Each structure stands twice: as structure tokens, then as C-alpha cells.
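In what follows, a single structure is set out as C-alpha cells and then discussed.
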Amino acid sequence: MIVRIRLLRNVGTFDSVTAGAAIEFSRLTVIYAENGRGKTTLAAVLRSLATGNPLPISERRRLAAQHPPHIIVDCNSAPQAMFQNGNWTRTLPQMVVFDDVFVDDNIFSGLAVDSNHRQKLHELVIGAAGVTLNRRLQGLVQAIETHNTTLRTLAAAIPASARGPYSVDAFCDLAPHADIEAAVVETERRLAAARQRDAIRAAEEFTALTLPAFDADRLANLLLRDLPALDGAALTRLQAHLATLGRGGEQWVADGVARLSQDQPPGDCPFCGQSLAGSALLDAYRRYFSAEYADLAGSIDSQLARLHRDHGGPILAAFERSVRTAIQRQLFWSSLTEVPAVDLDTAAISRDWQVAIREVEAVLEAKKASPLTRMPLPDSLSRALQTFNQHAQNVSALSQRLLEVNDSIPAIRERAEAGNADALEADLSRLRAVQARFTEAVATRCDDYIAERTAKVATELQRDITRTQLNTHRATIFPAYEASINQYLQRFNAGFRLADVVHTDTRGGATCNYDVVVNGTRISVAGATTPGEPAFRTALSAGDRNTLALAFFFASLDNDAALAQKVVVIDDPVSSLDEHRSLTTVQEVRRLSQRSGQVILLSHNKPFLAKTWEGTDPTLRAALEVARDATGSTLRPWDVSQDSVSEHDRRHRRLRDYLTGGIGDDREVATAIRPVLEAFFRVSRPEHFPPGTLLGPFRGLCDQRVGTPEQILSQTEIDELRDLVEYANKFHHDTNAAWETEQVNAQELQGFVRRTLAFAR
């Protein structure tokens with residue numbers, strides 16, 4: 001409950017008001033204020049205290065104030081509520097406020113009911129429990145939209161080229177494959193085989209690759225051969241002699257010795273004709289150029305012949321052709337089975353081969369020229385032979401692996417004959433998608449997508465549960481609310497009722513829709529209106545619309561299970577109501593004060609407040625008024641009993657007392673003349689002078705109707721009214737800017753008072 005308003009500073013018309021600290025609120029507290037005194041400001045302060053929204057106060061900061069608003073409100077539950085530096089130290093959420101803001105937010109604005117009003121009305125109908133469910137539902141719906149946005153972003157991050165024929169969901173749900181790489185390769189080969197059936201039938205298998213190696217040991221042994229039977233001294237002499245003969249001398253001598261018979265004594269020299277008998281050199285020649293010598297020479301010639309036969313130009317050309325053939329077959333069969341790469345550098349092989357051939361040939365020729373000379377294998381030749389023989393070993397190993405491929409070719413041909421290209425292509429697409437799905441980059445994105453999708457499913461489940469709970473709640477509350485509203489409309493003597501008060505779920509949020517039934521005709525507040533057809537703004541008067549708003553407010557309180565703890569603030573509920581609804585409103589406010597925790601009723605209508613006050617328990621009521629205080633307003637206790645006498649009665653007595661006894665302040669008496677005339681016409685001409693009518697326009701209407709069947713006043717009465725109003729307007733701010741300094745002549749005033757009382761009989 002609100003206990004008291006301890007401070008109102010720099011807000012609205014309140015400068016620095018502390019007088020309220022001495023005025024204690026009660027279960028029913030009525031607050032009277034003339035228009036413009038600060039009643040709406042008080043309602044705004046209480047609304048801000050209820051919601052915690054500082055705007056209703058901040059936007060009412062006192063003009064020209066040096067400091068921001070500062071408000072202190074005592075509550076029955078500690079601590080007190082303080083508004084300072086733009087914020088409340090606490091709120092009072094159990095407080096509800098009926099005022100123009102409530103109507104504008106929840107029921108209608110001006111003459112229209114829009115979707116925002118119907119959404120707010122939906123919250124009003126379903127109450128706090130329903131609002132909690134509805135806000136949770138809307139939050140879950142928004143969360144699902146966020147999930148969808150995130151899923152679209154995550155889906156876009158998964159390359160379409162990786163997904164193949166699969167949707168994002170199906171792609172992310174693919175199961176891993178234990179040996180996916182091998183499975184993809186195998187399926188690619190099977191598909192290639194199925195597509196190349198005819199080519200496979202005609203394709204040839206691999207043939208052996210051969211590269212003849214050099215026998216380095218045999219060559220080394222040959223180079224070291226000599227004649228063991230020839231002693232070293234003789235050999236040295238022969239070699240020295242042969243060296244004098246020049247290149248080919250040894251062969252020339254060997255041919256000559258061969259012409260001599262080995263079994264006959266030596267004859268004459270075939271060259272010089274001299275006798276060779278007794279020549280020690282000839283015997284050495286015969287031993288030197290023996291059969292062993294011939295065998296050695298033959299071995300050298302044989303080695304040279306083998307070199308030309310095994311390593312000649314045709315052999316090299318044939319090798320290069322066989323390599324090219326192997327490469328072509330490897331390119332074909334590698335798409336169908338595992339085939340080793342034919343990565344032979346034939347240029348390097350050919351180069352190293354030529355080097356080895358040249359060096360072998362050179363050393364053999366040298367040995368041939370001097371067969372008995374022991375020659376070690378040159379280092380360069382050893383390196384050349386080693387390099388080339390390594391090539392030969394590599395070729396042999398590759399050839400063996402290629403020939404092993406031939407073992408799998410019959411199975412390839414068999415699969416090619418039996419393969420279904422379309423089925424294999426589908427299998428390959430699936431396997432490639434699985435392969436892409438579980439690459440590191442894509443797997444991370446898929447995991448993120450699946451996690452978000454799982455979160456969305458969980459959110460959707462919560463949404464469905466919450467929606468079911470909300471629909472169950474609304475199925476009970478809406479029929480009861482419709483009945484309650486129509487009951488209040490009946491009590492308020494309204495000429496209409498509501499039908500089909502139902503909820504509707506839209507993308508923008510849940511709304512409350514209803515039909516207004518006037519004279520048996522339904523008018524829906526939802527949807528577009530047709531120009532020229534009856535609508536909410538034309539079917540209901542201003543009083544009817546405000547009656548509907550008040551009925552909505554009271555009906556929402558009837559369905560509030562926590563009403564006994566609520567503080568209900570009602571600001572001017574009869575400001576636009578017809579008089580025949582005023583008493584009903586009084587009765588409903590009285591009943592409400594007995595059912596709720598506290599009712600704070602604000603109005604500028606003293607009779608309305610007085611009637612409400614009179615029918616309640618004296619121990620459970622309090623009254624205060626917002627009164628003028630210099631240029632601002634203040635709070636003070638209000639004597640309801642004293643002010644139950646109408647203001648018109650007081651003004652009329654003031655004029656009578658002044659006329660009969662000269663009692664009263666001249667300026668106050670002069671100021672009372674115009675209100676007395678206005679009150680007179682409200683009673684005597686209610687159909688032409690409704691509330692809010694001004695005397696000037698009324699007199700103009702009277703002028704128009706003089707002499708017609710609709711005449712209101714005679715010309716004489718109109719002239720008298722013009723004179724009285726002209727005098728009275730001198731003492732009112734809206735018709736005379738200098739009204740406060742206008743001089744009052746007592747004799748003149750007495751005459752106009754007399755004429756006013758005479759006119760207003």
C-alpha cells in the first residue's frame with residue numbers, strides 16, 4: 001500500500017512539496033484536483049512507481065527547474081520508494097493504474113482500435129500468469145527465429161560442392177566410413193571400368209622392362225689378366241721393346257710371330273731376311289704370344305663384341321619405346337587398379353648409359369692394345385658402372401611391380417562386364433559426400449550445424465509445451481472475461497455489448513479480438529473498415545468508448561487472483577462518462593475498495609468523489625486535494641463534507657450575500673458571475689449547453705435561431721446575456737490577459753450581480 005507521499009520536487013506543478021508527509025493514505029484514498037493542478041502528474045508518478053519506467057516523470061520535469069525530479073513515497077513495506085537521478089530505488093509492481101495512458105495503450109487511441117491495442121488487451125485479459133506464459137512463448141518463438149537465422153548462416157558455410165546430391169540436413173547426418181579413402185578409390189575404379197568396358201577388352205597388359213647391366217667384376221678381372229709363364233725381367237724387356245714400335249706394335253709383332261712355325265727352328269726374319277737363329281728375343285716372343293695370349297686377346301675381343309651387342313643403339317631405342325608403352329598402359333590401368341608410377345628418367349638413363357659404354361669401350365681398347373698389361377678398373381669407370389647398374393636395378397624392380405599388376409587385370413575385365421555405371425555413380429557420390437563430410441574443416445561446420453539444430457528442436461518442444469499451457473489457460477479465462485465485461489456494461493447502462501471475445505495468434509504476437517454488438521449488429525474491431533460502413537469509431541460515442549475502457553479495466557481486476565494485494569489507481573473515470581453512469585461507477589469503486597488492497601481515486605469532479613466517500617467505512621478512507629500554492633501546487637487534507645456543497649451553490653450564495661449585505665471580496669464576486677451563468681444554462685438548456693460548452697459559441701447559436709421554431713432565447717435575453725458576459729470576461733484569464741489587475745468598481749459590480757441573479761432564475 002501507499003502510506004504517504006513524503007516529497008514531490010521539480011515534477012509537474014509541484015516545486016518542493018513536503019506537506020503530503022502529514023497526510024496518511026488509507027484503504028480508499030480520494031484525491032481532488034482542479035484541472036491543471038497536477039492530478040495527472042500524480043497518476044503518472046504512481047504509474048512510474050508501478051512499472052519502474054522513469055519517462056512518465058522525466059517528461060514532466062518542472063519547467064525552468066534547476067534540478068531533476070526528486071520523489072519520495074512511503075509504502076507499508078520497507079523500504080520507502082525514492083525517485084532520484086532518473087531512477088526508482090524500488091518499484092511497486094502490485095499497483096495497476098487506470099488513466100488515459102491505460103486506455104491509449106490497451107483499448108483505443110482516439111477513435112481507432114489497432115493491432116497494438118489488441119495485443120495489449122490480450123495481456124490484460126490473460127492476467128499475470130497468462131502474460132508470463134505468453135511472454136515465454138513469444139521469447140521461444142523469437143529464439144526459434146534466431147535458431148533459423150543461425151542455421152541458415154551455418155548451412156551457407158557448408159560448401160554445396162561438398163554436399164553433392166544431399167541437403168544440408170542429410171549431409172550432416174551421414175555416418176562415418178571406416179576406410180573411406182580406399183572405398184572411394186575402389187568405387188572410382190569400378191565406375192571407370194563400367195564406363196570403359198570396350199576399352200578394357202582391347203587394352204594390353206604390361207610387358208617386362210629390361211635394361212642390361214654391366215658385369216663390373218668380369219671386366220675388372222679381364223683388365224688384370226697377363227701371362228703367368230713369362231718371367232718378369234723378360235716381360236719388362238719385351239714391353240720396353242714393343243713400346244718402341246709405336247701404337248699397334250705389339251699386335252704387329254704378334255702377327256709376325258704367328259707366321260713362324262712353333263715347331264721349326266727359326267729361319268730368316270720375314271722383314272729383314274736375316275737369320276733369327278740364336279735370337280733370345282724370338283724365344284721370348286714365342287712365349288709371350290702363346291696360346292694363352294691368344295685366349296686373352298680373344299676374351300678382350302669377345303667383351304668388346306658383347307658391349308656392342310648388349311648396349312648398342314637399337315637396345316637403347318627399344319628400351320625407350322618400352323618405357324613409353326609402359327607409361328601409356330599405366331595411365332589407362334591406374335584409373336582401374338593400383339598401378340605403380342612409371343617415373344623413369346629416360347634422359348638421365350640414356351646419358352649415364354652412354355657414359356658407361358664409352359668408358360668401357362675405351363678401357364677394353366686400351367687392354368686390347370696391350371693385352372699383357374695389367375690394368376686396374378679406373379675410378380671413373382667404376383662410378384659410371386655403379387650409376388648405370390643402379391638404373392638397371394630400378395628398372396628391374398619397376399618391371400616386376402608392373403608385371404604383378406597383370407594378375408588383377410582379369411578381375412577388372414570381369415567387373416567391367418558386370419558393372420552398372422548408374423548405380424556405381426550413385427555409390428561414388430555418396431562416398432565422396434561422406435569423405436567431404438568428415439574432413440576437418442567441414443566436420444567442424446557440420447557439428448556446429450547439428451548442435452544448433454538440436455538446440456532448435458529443444459526450443460520447439462518448449463514452445464509447444466508453453467503454447468499448450470497458454471491455450472489451456474485462455475480456454476478458461478476468455479469466456480469468463482467476456483461474461484464479466486458484459487456484466488459491467490449492463491451495470492453501466494451501456495446500449496451495447498461484446499461478443500466473440502477470442503484470442504488470435506499472429507506472427508506479430510497474440511491479440512484479443514472482439515465484436516461490438518449495437519442494436520443486434522456486430523461490428524468487429526479487427527481487420528480493415530470499409531468506408532461508408534459502420535465502424536468502432538462511428539458506432540460508439542465518446543462516453544460509450546470510455547465506458548468500454550472502464551469495463552475492460554474492472555473485468556481484468558475481477559480475474560486477478562492477487563487483487564487483494566493490489567493497489568488500484570483510478571484517474572478521472574467519469575471524465576467522459578454520461579451522468580446516468582456516474583452512480584454505477586461510484587458503486588463499483590466502493591466495491592473495489594473492499595476487494596483490493598487499496599484504491600486511490602483521483603478526479604476533478606467533487607460530487608463524484610463525495611458520493612464515493614460517503615458510502616465507505618469512515619475508518620478506511622482518506623481524502624486530500626491538490627491545491628494552488630503560489631505559482632505551483634501543493635497537497636493538503638480535503639474536507640469532503642464541507643466541499644459536498646456544490647461550487648455552483650457557493651458561487652450563487654456569494655452573489656446573493658454581496659447583493660444583500662455587501663459581504664465578500666469584490667474580485668471573487670466578479671469572477672463568480674460567469675460560472676453562475678454557465679451552471680444556469682447547464683440546467684435550463686442542457687440540450688444546447690452540454691458540458692464543456694462556452695458562453696460565446698452558445699450566444700452565437702442563440703442569435704442564429706431567433707425567430708425560428710428552434711429559438712432558444714429571445715432577442716432581449718440574448719442582448720442581456722451579451723452584456724453580462726462582456727462584464728464577466730474582464731475577470732477571467734482566458735478572455736483578458738490583464739484580468740488580475742482589472743479594476744473592480746463596487747457600484748458597477750453590484751448592478752451586474754443584480755442583473756445576473758435576475759437572469760439566472
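Chain lettering (A, B, ...) mirrors the order of the C-alpha cells, residue numbering begins at 1 for each chain separately, and ligand numbering begins at 1 in order of display.
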**OP:** Within 12 Å of Asp571 (chain A), counting only C-alpha atoms, which residues show up once you throw out same-chain ones fewer than 2 positions away? Write them as an NGL selection string, please.
**Re:** :A and (29-33 or 38-44 or 46-47 or 96-103 or 550 or 568-569 or 573-576 or 589 or 599-605 or 609)
Original post:
Which residues, written as JSON, numbers by chain, have at least one atom at most 12 Å from region 339-347 of chain A, with only C-alpha atoms counted and residues fewer than 5 positions away on the same chain left out?
Top reply: {"A": [189, 205, 206, 209, 211, 316, 317, 318, 319, 320, 321, 322, 323, 324, 325, 326, 327, 328, 329, 330, 331, 332, 333, 334, 352, 353, 354, 388, 391, 392, 393, 394, 395, 396, 397, 398, 399, 400, 401, 402, 403, 404, 405, 406, 407, 408, 409]}
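Of note, CA of Asp217 (chain A) and CA of Gly298 (chain A) are spaced 18.0 Å apart.
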Subject >> Shell of 12 Å around Ala64 (chain A), only C-alpha atoms, local chain residues under 6 positions omitted, as an MDAnalysis selection string >> reply: chainID A and resid 10:13 15
Subject >> Exercise: region 499-516 of chain A partners within 10 Å, only C-alpha atoms, chain neighbours under 2 positions left out, as a PyMOL selection string >> reply: chain A and resi 115-126+134-135+137-138+141+471+474-475+477-483+485-486+496-497+518-527+535-536+539-540+548
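When CA of Asn85 (chain A) is paired with CA of Leu63 (chain A), their separation reads 16.8 Å.
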**OP:** Can you list, as a PyMOL selection string, all residues belonging to region 60-181 of chain A that DSSP tags as strand (DSSP E)?
**Re:** chain A and resi 70-75+81-84+87-88+95-98
Subject >> Contacts of Tyr727 (chain A) at 12 Å (only C-alpha atoms; same-chain gap of 5+ positions) as a PyMOL selection string >> reply: chain A and resi 670-674+720-722+732+735-736+739+742-745+748-753+755-756
**OP:** For each of A:Tyr658, A:Glu740, A:Gly256, A:Glu717, take the minimum atom-to-atom distance to Arg754 (chain A), counting only C-alpha atoms, then give the residue where this is smallest.
**Re:** A:Tyr658
Fewer than 4 positions away in the same chain doesn't count, so skip those; otherwise give me all residues within 12 Å of Ala426 (chain A), counting only C-alpha atoms, as an mmCIF file with N, CA and C atoms, in the first residue's frame.
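Okay, this is what ended up in part-v4.cif:
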```cif
data_model
loop_
_atom_site.group_PDB
_atom_site.id
_atom_site.type_symbol
_atom_site.label_atom_id
_atom_site.label_comp_id
_atom_site.auth_asym_id
_atom_site.auth_seq_id
_atom_site.Cartn_x
_atom_site.Cartn_y
_atom_site.Cartn_z
ATOM 1 N N GLY A 164 27.312 -32.564 -52.529
ATOM 2 C CA GLY A 164 26.878 -33.415 -53.630
ATOM 3 C C GLY A 164 25.366 -33.388 -53.770
ATOM 4 N N PRO A 165 24.702 -34.557 -53.841
ATOM 5 C CA PRO A 165 23.253 -34.578 -54.045
ATOM 6 C C PRO A 165 22.453 -34.397 -52.761
ATOM 7 N N TYR A 166 23.098 -34.206 -51.617
ATOM 8 C CA TYR A 166 22.406 -34.211 -50.329
ATOM 9 C C TYR A 166 22.012 -32.803 -49.885
ATOM 10 N N VAL A 184 36.420 -44.970 -51.679
ATOM 11 C CA VAL A 184 36.247 -44.031 -52.786
ATOM 12 C C VAL A 184 37.084 -44.465 -53.983
ATOM 13 N N THR A 187 35.608 -47.590 -55.616
ATOM 14 C CA THR A 187 34.373 -47.300 -56.367
ATOM 15 C C THR A 187 34.679 -46.501 -57.622
ATOM 16 N N GLU A 188 35.643 -45.574 -57.529
ATOM 17 C CA GLU A 188 36.054 -44.830 -58.728
ATOM 18 C C GLU A 188 36.563 -45.792 -59.800
ATOM 19 N N LEU A 191 33.645 -47.763 -61.254
ATOM 20 C CA LEU A 191 32.861 -46.921 -62.157
ATOM 21 C C LEU A 191 33.620 -46.697 -63.462
ATOM 22 N N ASN A 420 27.339 -51.761 -63.206
ATOM 23 C CA ASN A 420 26.218 -50.869 -63.540
ATOM 24 C C ASN A 420 26.699 -49.444 -63.287
ATOM 25 N N ALA A 421 26.923 -48.689 -64.360
ATOM 26 C CA ALA A 421 27.519 -47.358 -64.229
ATOM 27 C C ALA A 421 26.655 -46.423 -63.393
ATOM 28 N N ASP A 422 25.319 -46.444 -63.577
ATOM 29 C CA ASP A 422 24.442 -45.532 -62.831
ATOM 30 C C ASP A 422 24.495 -45.825 -61.333
ATOM 31 N N ARG A 430 27.765 -40.769 -52.972
ATOM 32 C CA ARG A 430 27.555 -40.918 -51.530
ATOM 33 C C ARG A 430 28.896 -40.998 -50.797
ATOM 34 N N LEU A 431 29.800 -41.806 -51.320
ATOM 35 C CA LEU A 431 31.093 -41.969 -50.656
ATOM 36 C C LEU A 431 31.895 -40.674 -50.657
ATOM 37 N N ARG A 432 31.844 -39.935 -51.764
ATOM 38 C CA ARG A 432 32.553 -38.655 -51.803
ATOM 39 C C ARG A 432 31.947 -37.658 -50.824
ATOM 40 N N ALA A 433 30.612 -37.693 -50.681
ATOM 41 C CA ALA A 433 29.967 -36.820 -49.696
ATOM 42 C C ALA A 433 30.403 -37.190 -48.282
#
```
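Distance-wise, CA of Gln94 (chain A) and CA of Arg463 (chain A) end up 28.0 Å apart.
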Original post:
Among region 329-449 of chain A, which residues carry a DSSP assignment of alpha helix (DSSP H), reported as a ChimeraX atom specification?
Top reply: /A:329-333,346-369,379-405,409-418,421-437,440-449
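When only C-alpha atoms are used to measure the gap to Arg190 (chain A), the shortest distance among A:Asp255, A:Asp427, A:Asp379, A:Glu365 belongs to A:Asp427.
Across A:Ala129, A:Ala112, A:Ala65, A:Ala542, the tightest approach to Asn559 (chain A) is made by A:Ala129 when counting only C-alpha atoms.
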